[in-house]
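**Q** So here's coords.txt (compact mmCIF, C-alpha atoms).
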# COMPACT_ATOMS: atom_id res chain seq x y z
CA MET A 21 -85.66 65.66 -27.45
CA VAL A 22 -83.60 63.78 -24.86
CA LEU A 23 -81.12 65.31 -22.42
CA ILE A 24 -78.45 63.06 -20.95
CA ASP A 25 -76.16 63.82 -18.02
CA ILE A 26 -73.38 61.21 -17.97
CA GLY A 27 -72.02 60.80 -14.46
CA ASN A 28 -69.29 58.53 -13.13
CA THR A 29 -71.77 55.84 -12.12
CA ASN A 30 -74.98 56.40 -14.10
CA TYR A 31 -76.51 57.92 -17.21
CA HIS A 32 -79.20 60.38 -16.05
CA ILE A 33 -81.80 60.72 -18.77
CA TYR A 34 -84.36 63.52 -19.04
CA LYS A 35 -87.28 62.97 -21.40
CA ASP A 36 -90.75 64.49 -21.46
CA GLY A 37 -90.19 66.12 -18.09
CA SER A 38 -89.20 62.99 -16.21
CA ILE A 39 -85.81 61.61 -15.22
CA THR A 40 -84.54 58.04 -15.28
CA HIS A 41 -81.17 56.63 -14.24
CA THR A 42 -79.42 53.74 -15.93
CA GLN A 43 -75.98 52.14 -16.03
CA LYS A 44 -76.38 51.04 -19.67
CA ILE A 45 -77.20 53.23 -22.60
CA TYR A 46 -79.28 52.37 -25.68
CA PRO A 47 -80.11 54.02 -29.03
CA PHE A 48 -82.73 56.80 -29.08
CA ASN A 49 -84.93 58.00 -31.93
CA ASP A 50 -84.79 61.59 -30.65
CA GLU A 51 -82.37 64.49 -30.84
CA ILE A 52 -79.87 64.03 -28.00
CA TYR A 53 -78.04 66.75 -26.09
CA TYR A 54 -75.64 65.54 -23.45
CA ILE A 55 -72.89 66.40 -21.02
CA SER A 56 -70.35 63.94 -19.62
CA VAL A 57 -67.76 63.56 -16.89
CA ASN A 58 -66.96 59.97 -17.88
CA GLU A 59 -65.14 59.32 -21.14
CA LYS A 60 -65.89 55.61 -21.33
CA LYS A 61 -69.61 56.09 -20.83
CA GLU A 62 -69.57 58.97 -23.34
CA LYS A 63 -67.98 56.75 -26.01
CA ASP A 64 -70.64 54.16 -25.40
CA LEU A 65 -73.38 56.78 -25.82
CA LEU A 66 -71.84 58.02 -29.08
CA SER A 67 -71.38 54.52 -30.49
CA LYS A 68 -75.13 53.98 -30.12
CA ASN A 69 -76.16 57.57 -30.89
CA PRO A 70 -73.58 59.09 -33.27
CA ASN A 71 -75.50 62.37 -33.65
CA ALA A 72 -75.72 63.20 -29.96
CA VAL A 73 -74.55 66.79 -29.31
CA ASN A 74 -72.14 67.60 -26.48
CA LEU A 75 -73.41 70.81 -24.86
CA LYS A 76 -69.97 71.43 -23.39
CA ASN A 77 -68.98 72.94 -26.72
CA TYR A 78 -71.75 75.56 -26.55
CA VAL A 79 -72.08 76.53 -22.91
CA ARG A 80 -71.18 80.01 -21.64
CA PHE A 81 -70.33 80.26 -17.96
CA ASN A 82 -68.61 82.92 -15.88
CA THR A 83 -66.01 81.48 -13.51
CA LYS A 84 -62.32 81.68 -12.63
CA TYR A 85 -62.34 78.00 -11.59
CA LYS A 86 -59.98 75.93 -13.74
CA GLY A 87 -61.39 72.63 -14.95
CA LEU A 88 -64.87 72.93 -13.47
CA GLY A 89 -66.87 69.77 -14.27
CA ILE A 90 -69.54 70.30 -16.92
CA ASP A 91 -72.21 68.81 -14.63
CA ARG A 92 -71.37 71.42 -12.00
CA ILE A 93 -71.47 74.16 -14.64
CA MET A 94 -74.94 73.09 -15.76
CA ALA A 95 -76.33 72.82 -12.23
CA CYS A 96 -74.95 76.29 -11.44
CA LYS A 97 -76.33 77.76 -14.66
CA SER A 98 -79.82 77.02 -13.42
CA ILE A 99 -79.58 79.59 -10.62
CA LYS A 100 -78.33 83.19 -10.23
CA ASP A 101 -77.63 83.33 -6.48
CA GLY A 102 -77.11 80.64 -3.90
CA VAL A 103 -75.26 77.42 -3.30
CA VAL A 104 -75.53 74.32 -5.49
CA VAL A 105 -74.90 70.88 -3.98
CA ASP A 106 -74.80 67.86 -6.28
CA ALA A 107 -74.66 64.75 -4.11
CA GLY A 108 -73.75 61.67 -6.10
CA SER A 109 -70.52 59.60 -6.16
CA ALA A 110 -68.91 62.85 -4.99
CA ILE A 111 -70.59 65.79 -3.26
CA THR A 112 -69.80 68.97 -5.19
CA VAL A 113 -70.62 72.33 -3.64
CA ASP A 114 -70.56 75.58 -5.67
CA VAL A 115 -71.31 79.18 -4.80
CA MET A 116 -73.08 81.52 -7.25
CA LYS A 117 -73.49 85.28 -6.90
CA ASN A 118 -75.25 87.43 -9.51
CA GLY A 119 -74.81 84.73 -12.14
CA VAL A 120 -71.07 84.47 -11.46
CA HIS A 121 -69.48 81.29 -10.07
CA LEU A 122 -67.25 82.16 -7.10
CA GLY A 123 -65.72 78.72 -6.51
CA GLY A 124 -66.57 75.47 -4.83
CA PHE A 125 -65.38 72.25 -3.30
CA ILE A 126 -65.58 68.47 -3.70
CA ALA A 127 -66.22 66.04 -0.84
CA PRO A 128 -66.61 62.27 -1.04
CA GLY A 129 -70.20 61.10 -1.61
CA ILE A 130 -72.02 59.11 1.06
CA TYR A 131 -71.10 55.77 -0.51
CA ALA A 132 -67.45 56.84 -0.79
CA PHE A 133 -67.44 57.75 2.92
CA LYS A 134 -68.98 54.36 3.73
CA ARG A 135 -66.23 52.61 1.83
CA ALA A 136 -63.52 54.86 3.26
CA PHE A 137 -64.50 53.94 6.83
CA GLY A 138 -64.88 50.28 5.85
CA THR A 139 -61.32 50.09 4.57
CA ILE A 140 -59.95 51.55 7.84
CA SER A 141 -61.66 48.98 10.08
CA GLU A 142 -64.59 46.60 9.76
CA VAL A 143 -66.09 48.04 12.96
CA LEU A 144 -66.47 51.48 11.35
CA THR A 145 -69.82 50.94 9.64
CA LEU A 146 -71.38 54.19 8.45
CA ASN A 147 -75.17 54.08 8.52
CA PRO A 148 -75.91 57.56 7.18
CA LEU A 149 -78.41 59.59 9.19
CA GLU A 150 -78.81 63.29 9.82
CA PRO A 151 -76.14 64.17 12.41
CA GLU A 152 -77.62 65.01 15.82
CA GLU A 153 -77.04 68.38 17.48
CA THR A 154 -75.19 67.09 20.54
CA LEU A 155 -71.67 65.63 20.53
CA PRO A 156 -71.73 61.94 19.53
CA LEU A 157 -71.73 59.31 22.29
CA SER A 158 -71.61 56.25 20.01
CA THR A 159 -69.49 55.04 17.09
CA GLN A 160 -72.54 55.14 14.81
CA GLU A 161 -73.16 58.82 15.52
CA ALA A 162 -69.42 59.62 15.59
CA LEU A 163 -69.12 58.37 11.99
CA ASN A 164 -72.16 60.41 10.91
CA TRP A 165 -70.57 63.51 12.37
CA GLY A 166 -67.13 62.86 10.88
CA SER A 167 -68.55 62.42 7.37
CA LEU A 168 -71.93 64.07 6.76
CA GLY A 169 -71.51 66.40 9.74
CA ALA A 170 -68.14 67.69 8.52
CA VAL A 171 -69.44 68.30 5.01
CA LYS A 172 -72.56 69.95 6.46
CA CYS A 173 -70.36 72.25 8.54
CA LEU A 174 -68.47 73.45 5.49
CA ILE A 175 -71.61 73.83 3.35
CA GLN A 176 -73.17 76.00 6.08
CA LYS A 177 -69.99 78.05 6.28
CA VAL A 178 -69.90 78.87 2.55
CA ALA A 179 -73.70 79.25 2.30
CA GLU A 180 -74.11 81.73 5.17
CA ASN A 181 -77.82 82.53 4.76
CA LYS A 182 -78.08 81.86 1.03
CA LYS A 183 -80.48 79.32 -0.40
CA ILE A 184 -78.94 75.89 -0.97
CA TYR A 185 -80.10 73.92 -4.01
CA PHE A 186 -79.58 70.16 -3.75
CA THR A 187 -79.63 67.65 -6.56
CA GLY A 188 -78.21 64.17 -7.26
CA GLY A 189 -78.96 60.75 -5.81
CA ASP A 190 -78.43 61.78 -2.18
CA GLY A 191 -79.60 65.37 -2.73
CA GLU A 192 -83.03 64.96 -1.19
CA PHE A 193 -81.62 63.25 1.90
CA LEU A 194 -78.98 65.95 2.40
CA SER A 195 -81.39 68.83 1.73
CA ASN A 196 -83.40 67.84 4.81
CA MET A 197 -80.39 68.66 6.99
CA PHE A 198 -80.53 72.35 6.06
CA GLU A 199 -83.21 74.90 6.95
CA ASN A 200 -82.35 76.87 3.82
CA GLY A 201 -82.07 73.74 1.64
CA ILE A 202 -84.34 72.75 -1.25
CA TYR A 203 -84.16 69.67 -3.44
CA VAL A 204 -84.43 70.17 -7.20
CA GLU A 205 -84.29 66.84 -9.01
CA ASP A 206 -83.72 68.34 -12.48
CA LEU A 207 -81.22 71.09 -11.55
CA VAL A 208 -78.55 69.94 -14.04
CA PHE A 209 -81.15 69.57 -16.78
CA ARG A 210 -82.45 73.09 -16.13
CA GLY A 211 -78.94 74.34 -16.87
CA MET A 212 -78.81 72.24 -20.03
CA ILE A 213 -82.16 73.67 -21.14
CA ASN A 214 -80.84 77.20 -20.43
CA THR A 215 -77.84 76.41 -22.60
CA LEU A 216 -80.04 75.16 -25.43
CA LYS A 217 -82.05 78.43 -25.24
CA GLU A 218 -78.82 80.45 -25.45
CA MET A 219 -77.69 78.41 -28.48
CA LYS A 220 -80.90 79.22 -30.32
CA LYS A 221 -80.64 82.98 -29.64
CA MET B 23 -40.59 49.13 30.58
CA VAL B 24 -42.16 49.28 27.13
CA LEU B 25 -45.52 50.83 26.23
CA ILE B 26 -47.21 49.68 23.04
CA ASP B 27 -50.19 51.31 21.32
CA ILE B 28 -51.52 48.85 18.73
CA GLY B 29 -53.30 50.73 15.95
CA ASN B 30 -55.03 49.44 12.83
CA THR B 31 -51.91 49.93 10.71
CA ASN B 32 -48.91 50.06 13.04
CA TYR B 33 -47.55 49.12 16.42
CA HIS B 34 -46.46 52.36 18.14
CA ILE B 35 -43.74 51.59 20.64
CA TYR B 36 -42.62 53.86 23.48
CA LYS B 37 -39.33 53.03 25.15
CA ASP B 38 -36.90 55.22 27.07
CA GLY B 39 -38.80 58.36 26.09
CA SER B 40 -38.74 57.80 22.35
CA ILE B 41 -41.36 56.42 19.97
CA THR B 42 -40.95 54.04 17.05
CA HIS B 43 -43.53 52.68 14.63
CA THR B 44 -43.49 49.22 13.11
CA GLN B 45 -45.81 46.88 11.24
CA LYS B 46 -44.22 43.75 12.73
CA ILE B 47 -43.79 42.98 16.39
CA TYR B 48 -40.96 41.10 18.10
CA PRO B 49 -40.20 39.75 21.59
CA PHE B 50 -39.06 42.21 24.28
CA ASN B 51 -37.01 41.60 27.42
CA ASP B 52 -38.91 44.31 29.30
CA GLU B 53 -42.26 44.59 31.09
CA ILE B 54 -44.87 45.45 28.46
CA TYR B 55 -48.04 47.47 28.95
CA TYR B 56 -50.22 47.85 25.88
CA ILE B 57 -53.54 48.94 24.43
CA SER B 58 -55.01 47.69 21.17
CA VAL B 59 -57.71 48.46 18.63
CA ASN B 60 -56.68 45.57 16.36
CA GLU B 61 -57.34 42.01 17.51
CA LYS B 62 -55.04 40.33 15.00
CA LYS B 63 -52.08 42.53 15.85
CA GLU B 64 -52.80 42.06 19.56
CA LYS B 65 -52.71 38.26 19.18
CA ASP B 66 -49.39 38.55 17.42
CA LEU B 67 -47.98 40.69 20.25
CA LEU B 68 -49.17 38.21 22.87
CA SER B 69 -47.79 35.20 21.02
CA LYS B 70 -44.34 36.78 21.18
CA ASN B 71 -44.80 38.45 24.59
CA PRO B 72 -47.20 36.33 26.65
CA ASN B 73 -46.81 38.49 29.77
CA ALA B 74 -47.76 41.79 28.16
CA VAL B 75 -50.45 43.59 30.21
CA ASN B 76 -53.52 45.09 28.56
CA LEU B 77 -54.13 48.46 30.25
CA LYS B 78 -57.74 48.42 29.06
CA ASN B 79 -58.52 46.24 32.07
CA TYR B 80 -57.24 48.85 34.51
CA VAL B 81 -58.14 52.24 33.05
CA ARG B 82 -60.68 54.54 34.70
CA PHE B 83 -62.32 57.09 32.44
CA ASN B 84 -65.41 59.25 32.79
CA THR B 85 -67.59 59.23 29.67
CA LYS B 86 -71.12 58.43 28.49
CA TYR B 87 -69.76 57.39 25.08
CA LYS B 88 -70.49 53.73 24.33
CA GLY B 89 -67.59 51.76 22.90
CA LEU B 90 -64.97 54.51 22.94
CA GLY B 91 -61.70 53.17 21.48
CA ILE B 92 -59.02 52.56 24.09
CA ASP B 93 -56.52 54.69 22.12
CA ARG B 94 -58.93 57.61 22.28
CA ILE B 95 -59.44 57.04 26.01
CA MET B 96 -55.68 57.12 26.63
CA ALA B 97 -55.10 60.24 24.55
CA CYS B 98 -57.96 61.99 26.38
CA LYS B 99 -56.70 60.87 29.79
CA SER B 100 -53.57 62.91 29.21
CA ILE B 101 -55.47 66.22 29.36
CA LYS B 102 -58.16 67.79 31.57
CA ASP B 103 -59.65 70.39 29.22
CA GLY B 104 -59.51 70.79 25.48
CA VAL B 105 -59.90 68.84 22.27
CA VAL B 106 -57.88 65.76 21.35
CA VAL B 107 -57.30 64.92 17.68
CA ASP B 108 -55.61 61.63 16.80
CA ALA B 109 -54.88 61.68 13.07
CA GLY B 110 -53.96 58.24 11.77
CA SER B 111 -55.91 55.81 9.55
CA ALA B 112 -58.94 57.62 10.94
CA ILE B 113 -59.09 61.11 12.45
CA THR B 114 -60.72 60.89 15.88
CA VAL B 115 -61.76 64.08 17.64
CA ASP B 116 -62.75 64.15 21.32
CA VAL B 117 -63.80 66.91 23.69
CA MET B 118 -62.72 66.98 27.33
CA LYS B 119 -64.03 69.28 30.07
CA ASN B 120 -62.84 69.13 33.69
CA GLY B 121 -61.51 65.62 33.17
CA VAL B 122 -64.85 64.42 31.76
CA HIS B 123 -65.18 63.20 28.16
CA LEU B 124 -68.16 64.94 26.49
CA GLY B 125 -68.17 63.02 23.20
CA GLY B 126 -66.40 63.03 19.89
CA PHE B 127 -66.42 62.08 16.24
CA ILE B 128 -64.55 59.97 13.68
CA ALA B 129 -63.56 61.21 10.22
CA PRO B 130 -61.57 59.36 7.57
CA GLY B 131 -57.81 59.85 7.80
CA ILE B 132 -55.93 61.65 5.03
CA TYR B 133 -55.00 58.40 3.28
CA ALA B 134 -58.60 57.18 3.49
CA PHE B 135 -59.79 60.45 1.88
CA LYS B 136 -57.18 60.01 -0.85
CA ARG B 137 -58.45 56.53 -1.60
CA ALA B 138 -62.09 57.60 -1.35
CA PHE B 139 -61.60 60.25 -4.04
CA GLY B 140 -59.50 57.85 -6.12
CA THR B 141 -62.30 55.29 -6.24
CA ILE B 142 -64.80 57.92 -7.46
CA SER B 143 -62.68 59.04 -10.40
CA GLU B 144 -59.04 58.86 -11.39
CA VAL B 145 -59.01 62.64 -11.96
CA LEU B 146 -59.79 63.29 -8.27
CA THR B 147 -56.24 63.14 -6.90
CA LEU B 148 -55.99 64.53 -3.39
CA ASN B 149 -52.63 66.13 -2.69
CA PRO B 150 -53.16 67.17 0.92
CA LEU B 151 -52.24 70.76 1.75
CA GLU B 152 -53.61 73.23 4.24
CA PRO B 153 -56.89 74.50 2.74
CA GLU B 154 -56.67 78.13 1.59
CA GLU B 155 -58.95 80.83 3.00
CA THR B 156 -60.70 81.71 -0.28
CA LEU B 157 -63.18 79.48 -2.12
CA PRO B 158 -61.34 76.90 -4.29
CA LEU B 159 -60.82 77.69 -7.98
CA SER B 160 -59.15 74.40 -8.92
CA THR B 161 -59.87 70.69 -8.48
CA GLN B 162 -56.74 70.31 -6.35
CA GLU B 163 -57.90 72.93 -3.88
CA ALA B 164 -61.55 71.80 -4.11
CA LEU B 165 -60.50 68.34 -2.90
CA ASN B 166 -58.47 69.83 -0.05
CA TRP B 167 -61.49 71.80 1.07
CA GLY B 168 -63.93 68.89 0.74
CA SER B 169 -61.75 66.62 2.89
CA LEU B 170 -59.34 68.41 5.25
CA GLY B 171 -61.34 71.64 5.06
CA ALA B 172 -64.58 69.93 6.07
CA VAL B 173 -62.94 68.12 8.99
CA LYS B 174 -61.21 71.37 10.00
CA CYS B 175 -64.57 73.16 9.99
CA LEU B 176 -66.09 70.64 12.40
CA ILE B 177 -63.02 70.54 14.66
CA GLN B 178 -63.16 74.35 14.94
CA LYS B 179 -66.87 74.17 15.72
CA VAL B 180 -66.49 71.72 18.61
CA ALA B 181 -63.26 73.34 19.86
CA GLU B 182 -64.57 76.90 20.05
CA ASN B 183 -61.55 78.55 21.71
CA LYS B 184 -60.25 75.52 23.56
CA LYS B 185 -56.74 74.19 23.05
CA ILE B 186 -56.51 71.41 20.47
CA TYR B 187 -54.00 68.61 21.11
CA PHE B 188 -52.92 66.72 17.99
CA THR B 189 -51.22 63.37 17.83
CA GLY B 190 -50.83 60.49 15.32
CA GLY B 191 -49.04 60.21 12.01
CA ASP B 192 -50.73 63.25 10.44
CA GLY B 193 -51.10 65.11 13.73
CA GLU B 194 -48.24 67.52 13.22
CA PHE B 195 -49.41 68.42 9.70
CA LEU B 196 -52.99 69.03 10.87
CA SER B 197 -51.95 70.97 13.98
CA ASN B 198 -50.42 73.64 11.76
CA MET B 199 -53.89 74.45 10.39
CA PHE B 200 -55.13 75.63 13.79
CA GLU B 201 -54.05 78.71 15.74
CA ASN B 202 -54.97 76.95 18.98
CA GLY B 203 -53.41 73.63 17.91
CA ILE B 204 -50.36 71.93 19.41
CA TYR B 205 -48.75 68.65 18.42
CA VAL B 206 -47.91 66.18 21.17
CA GLU B 207 -46.25 63.08 19.75
CA ASP B 208 -46.66 60.96 22.91
CA LEU B 209 -50.21 61.98 23.87
CA VAL B 210 -51.54 58.39 23.96
CA PHE B 211 -48.50 57.24 25.95
CA ARG B 212 -48.99 60.04 28.48
CA GLY B 213 -52.47 58.62 29.12
CA MET B 214 -51.00 55.13 29.47
CA ILE B 215 -48.44 56.43 31.96
CA ASN B 216 -51.25 58.16 33.92
CA THR B 217 -53.09 54.84 34.00
CA LEU B 218 -50.01 53.02 35.32
CA LYS B 219 -49.69 55.64 38.06
CA GLU B 220 -53.36 55.14 39.03
CA MET B 221 -52.82 51.35 39.11
CA LYS B 222 -49.99 51.73 41.59
CA LYS B 223 -51.95 53.99 43.94
Output the file's structure as structure tokens, nothing else.
**A**
Amino acid sequence: MVLIDIGNTNYHIYKDGSITHTQKIYPFNDEIYYISVNEKKEKDLLSKNPNAVNLKNYVRFNTKYKGLGIDRIMACKSIKDGVVVDAGSAITVDVMKNGVHLGGFIAPGIYAFKRAFGTISEVLTLNPLEPEETLPLSTQEALNWGSLGAVKCLIQKVAENKKIYFTGGDGEFLSNMFENGIYVEDLVFRGMINTLKEMKK
Amino acid sequence: MVLIDIGNTNYHIYKDGSITHTQKIYPFNDEIYYISVNEKKEKDLLSKNPNAVNLKNYVRFNTKYKGLGIDRIMACKSIKDGVVVDAGSAITVDVMKNGVHLGGFIAPGIYAFKRAFGTISEVLTLNPLEPEETLPLSTQEALNWGSLGAVKCLIQKVAENKKIYFTGGDGEFLSNMFENGIYVEDLVFRGMINTLKEMKK
């Protein structure tokens, strides 16, 4: 069995307990269950694997949020209480309480921040590091604060003292900025596996 | 006398107590005092007004920040205590205490956030509004939180209960999100006028 999480930039592929990331997809000999936030990449998957099953059609999830991305749903389904941060092209942040999704927000990902500063002025070069505690005294640190620091501030505000589960390409890096943060590489896939279990009930 | 604040996008021109904004510069018959963060635009000003005086060479300002933009210096020089937010292409935030600059940070401006989300996915359309109090339950509100909301969170954190002085193209809009916020259209020019006064002492 292969699980595939189609993001805006990459296909994230889970097989035999390990995860790979690729920009191009190929045919598999296994059963495929997938989710997708990118139509073009999804079409490409289906052209090469016509029997792949979209788990979006089977998932049950308790939320009042309209139009919640299926990747966020799956990551959230893997926990009952806490905050889920998926840090990829975008940084999505969602709050779960007793298995119910309370809402969440979307910030630019680190690369998007880098580009955003770059388009304002060539001197605004973001070199992402954990923001320091004291007020910035250099452009380098000022940019860290105004991007990662601002997102960190809002994550801390919604998390209060809850556990924060990080996943995605920049998840490990971001998780180190939070005392109550842990990095779970396969968070989205755990939700997909939960969904498969529910389907078979 | 004309004061000109050359930004990355516009020339901001102060004459007879009123401010205009323009992307192209022309010759003036008056004395010109200016500051600039954009070399190309500065050259253009000087080619048409060779006698214009760069106030950067005369300003005195107490800070440990390395490479603080001259526009930020001028805006900060206009106050003794409080937080200065200049919301243009970028959103710069600086903290002043007893006439001393303690540091500050740089976030993307509203337009830069818009573009940053747009490059991640065409469905991420930021339509900037004041972030609501409760956790977002829609993509629209999620994007507001993850951009303006995150920056707001960090501004509140550094401001504590100090007064927050807003200026720049989006300054008035942002100032309405803060109980302790006031919008001062000519904040940078007040600093330039203070500098002129110091020069003449």
**Q** Output the contact residues of chain B with respect to chain A at a cut-off of 7 Å, based on only C-alpha atoms, as a PyMOL selection string.
**A** chain B and resi 86-89+111-112+124-130+134-135+138-139+142+157-161+164-165+167-169+172-173+175-176
**Q** CA of Pro151 in chain A to CA of Phe198 in chain A: how many Å, to one decimal?
**A**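 So the answer is 11.2 Å.
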**Q** Find the residue from A:Lys61, A:Lys217, A:Lys182, A:Lys44 that sits nearest to Gly102 in chain A; use all atoms listed in the file when measuring.
**A** A:Lys182
**Q** Which neighbours of range 64-67 of chain A fall inside 10 Å, counting all atoms listed in the file, when residues of the same chain fewer than 5 positions from it are skipped, and could you give them as a list in words?
**A**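 Counting all atoms listed in the file, the residues come to Ile24, Ile26, Tyr31, Lys44, Ile45, Tyr46, Pro47, Phe48, Ile52, Tyr54, Ser56, Glu59, Ala72, Val73 and Asn74 of chain A.
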**Q** Using all atoms listed in the file, which protein or nucleic acid residues come within 9 Å of Asp36 in chain A? Drop anything in the same chain fewer than 3 positions from it, and give the result as a list in words.
**A** Met21, Val22 and Ile39 of chain A
**Q** Which residue out of B:Ile57, B:Met118, B:Val106, B:Met199 has the minimum interatomic distance to Ile92 in chain B when all atoms listed in the file are used?
**A**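 Nearest to Ile92 in chain B: B:Ile57.
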**Q** Using Å and a single decimal, report how far CA of Leu25 in chain B sits from CA of Asn51 in chain B.
**A**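 Distance reported for this atom pair: 12.6 Å.
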**Q** Contacts of Ser98 in chain A at 6 Å or less, counting only C-alpha atoms, minus same-chain residues fewer than 3 places along, as number ranges by chain?
**A** A: 95, 210-211
**Q** Could you work out how far CA of Glu51 in chain A lies from CA of Met212 in chain A, giving the answer in Å with one decimal?
**A** 13.8 Å
**Q** Since fewer atoms than expected are present, regenerate N, CA and C atoms for range 114-131 of chain B and write them as a PDB file, in the coordinates of the input.
**A**
ATOM      1  N   THR B 114     -59.751  60.848  14.783  1.00  0.00           N
ATOM      2  CA  THR B 114     -60.720  60.890  15.880  1.00  0.00           C
ATOM      3  C   THR B 114     -60.580  62.222  16.603  1.00  0.00           C
ATOM      4  N   VAL B 115     -61.720  62.772  16.994  1.00  0.00           N
ATOM      5  CA  VAL B 115     -61.760  64.080  17.640  1.00  0.00           C
ATOM      6  C   VAL B 115     -62.601  63.963  18.901  1.00  0.00           C
ATOM      7  N   ASP B 116     -62.047  64.304  20.044  1.00  0.00           N
ATOM      8  CA  ASP B 116     -62.750  64.150  21.320  1.00  0.00           C
ATOM      9  C   ASP B 116     -62.655  65.416  22.157  1.00  0.00           C
ATOM     10  N   VAL B 117     -63.736  65.686  22.884  1.00  0.00           N
ATOM     11  CA  VAL B 117     -63.800  66.910  23.690  1.00  0.00           C
ATOM     12  C   VAL B 117     -63.779  66.557  25.172  1.00  0.00           C
ATOM     13  N   MET B 118     -62.852  67.197  25.890  1.00  0.00           N
ATOM     14  CA  MET B 118     -62.720  66.980  27.330  1.00  0.00           C
ATOM     15  C   MET B 118     -63.031  68.276  28.091  1.00  0.00           C
ATOM     16  N   LYS B 119     -63.728  68.117  29.220  1.00  0.00           N
ATOM     17  CA  LYS B 119     -64.030  69.280  30.070  1.00  0.00           C
ATOM     18  C   LYS B 119     -63.915  68.848  31.525  1.00  0.00           C
ATOM     19  N   ASN B 120     -63.051  69.489  32.277  1.00  0.00           N
ATOM     20  CA  ASN B 120     -62.840  69.130  33.690  1.00  0.00           C
ATOM     21  C   ASN B 120     -62.596  67.635  33.899  1.00  0.00           C
ATOM     22  N   GLY B 121     -61.828  67.037  33.019  1.00  0.00           N
ATOM     23  CA  GLY B 121     -61.510  65.620  33.170  1.00  0.00           C
ATOM     24  C   GLY B 121     -62.633  64.678  32.749  1.00  0.00           C
ATOM     25  N   VAL B 122     -63.729  65.247  32.223  1.00  0.00           N
ATOM     26  CA  VAL B 122     -64.850  64.420  31.760  1.00  0.00           C
ATOM     27  C   VAL B 122     -64.898  64.459  30.228  1.00  0.00           C
ATOM     28  N   HIS B 123     -65.086  63.300  29.614  1.00  0.00           N
ATOM     29  CA  HIS B 123     -65.180  63.200  28.160  1.00  0.00           C
ATOM     30  C   HIS B 123     -66.629  63.495  27.732  1.00  0.00           C
ATOM     31  N   LEU B 124     -66.804  64.517  26.867  1.00  0.00           N
ATOM     32  CA  LEU B 124     -68.160  64.940  26.490  1.00  0.00           C
ATOM     33  C   LEU B 124     -68.679  64.276  25.223  1.00  0.00           C
ATOM     34  N   GLY B 125     -67.772  63.634  24.466  1.00  0.00           N
ATOM     35  CA  GLY B 125     -68.170  63.020  23.200  1.00  0.00           C
ATOM     36  C   GLY B 125     -67.133  63.316  22.131  1.00  0.00           C
ATOM     37  N   GLY B 126     -67.367  62.794  20.950  1.00  0.00           N
ATOM     38  CA  GLY B 126     -66.400  63.030  19.890  1.00  0.00           C
ATOM     39  C   GLY B 126     -66.840  62.418  18.583  1.00  0.00           C
ATOM     40  N   PHE B 127     -66.028  62.621  17.544  1.00  0.00           N
ATOM     41  CA  PHE B 127     -66.420  62.080  16.240  1.00  0.00           C
ATOM     42  C   PHE B 127     -65.240  61.454  15.516  1.00  0.00           C
ATOM     43  N   ILE B 128     -65.552  60.712  14.457  1.00  0.00           N
ATOM     44  CA  ILE B 128     -64.550  59.970  13.680  1.00  0.00           C
ATOM     45  C   ILE B 128     -64.669  60.342  12.213  1.00  0.00           C
ATOM     46  N   ALA B 129     -63.598  60.902  11.654  1.00  0.00           N
ATOM     47  CA  ALA B 129     -63.560  61.210  10.220  1.00  0.00           C
ATOM     48  C   ALA B 129     -62.546  60.290   9.552  1.00  0.00           C
ATOM     49  N   PRO B 130     -62.619  60.136   8.246  1.00  0.00           N
ATOM     50  CA  PRO B 130     -61.570  59.360   7.570  1.00  0.00           C
ATOM     51  C   PRO B 130     -60.224  60.052   7.738  1.00  0.00           C
ATOM     52  N   GLY B 131     -59.140  59.269   7.801  1.00  0.00           N
ATOM     53  CA  GLY B 131     -57.810  59.850   7.800  1.00  0.00           C
ATOM     54  C   GLY B 131     -57.452  60.361   6.408  1.00  0.00           C
TER      55      GLY B 131
END
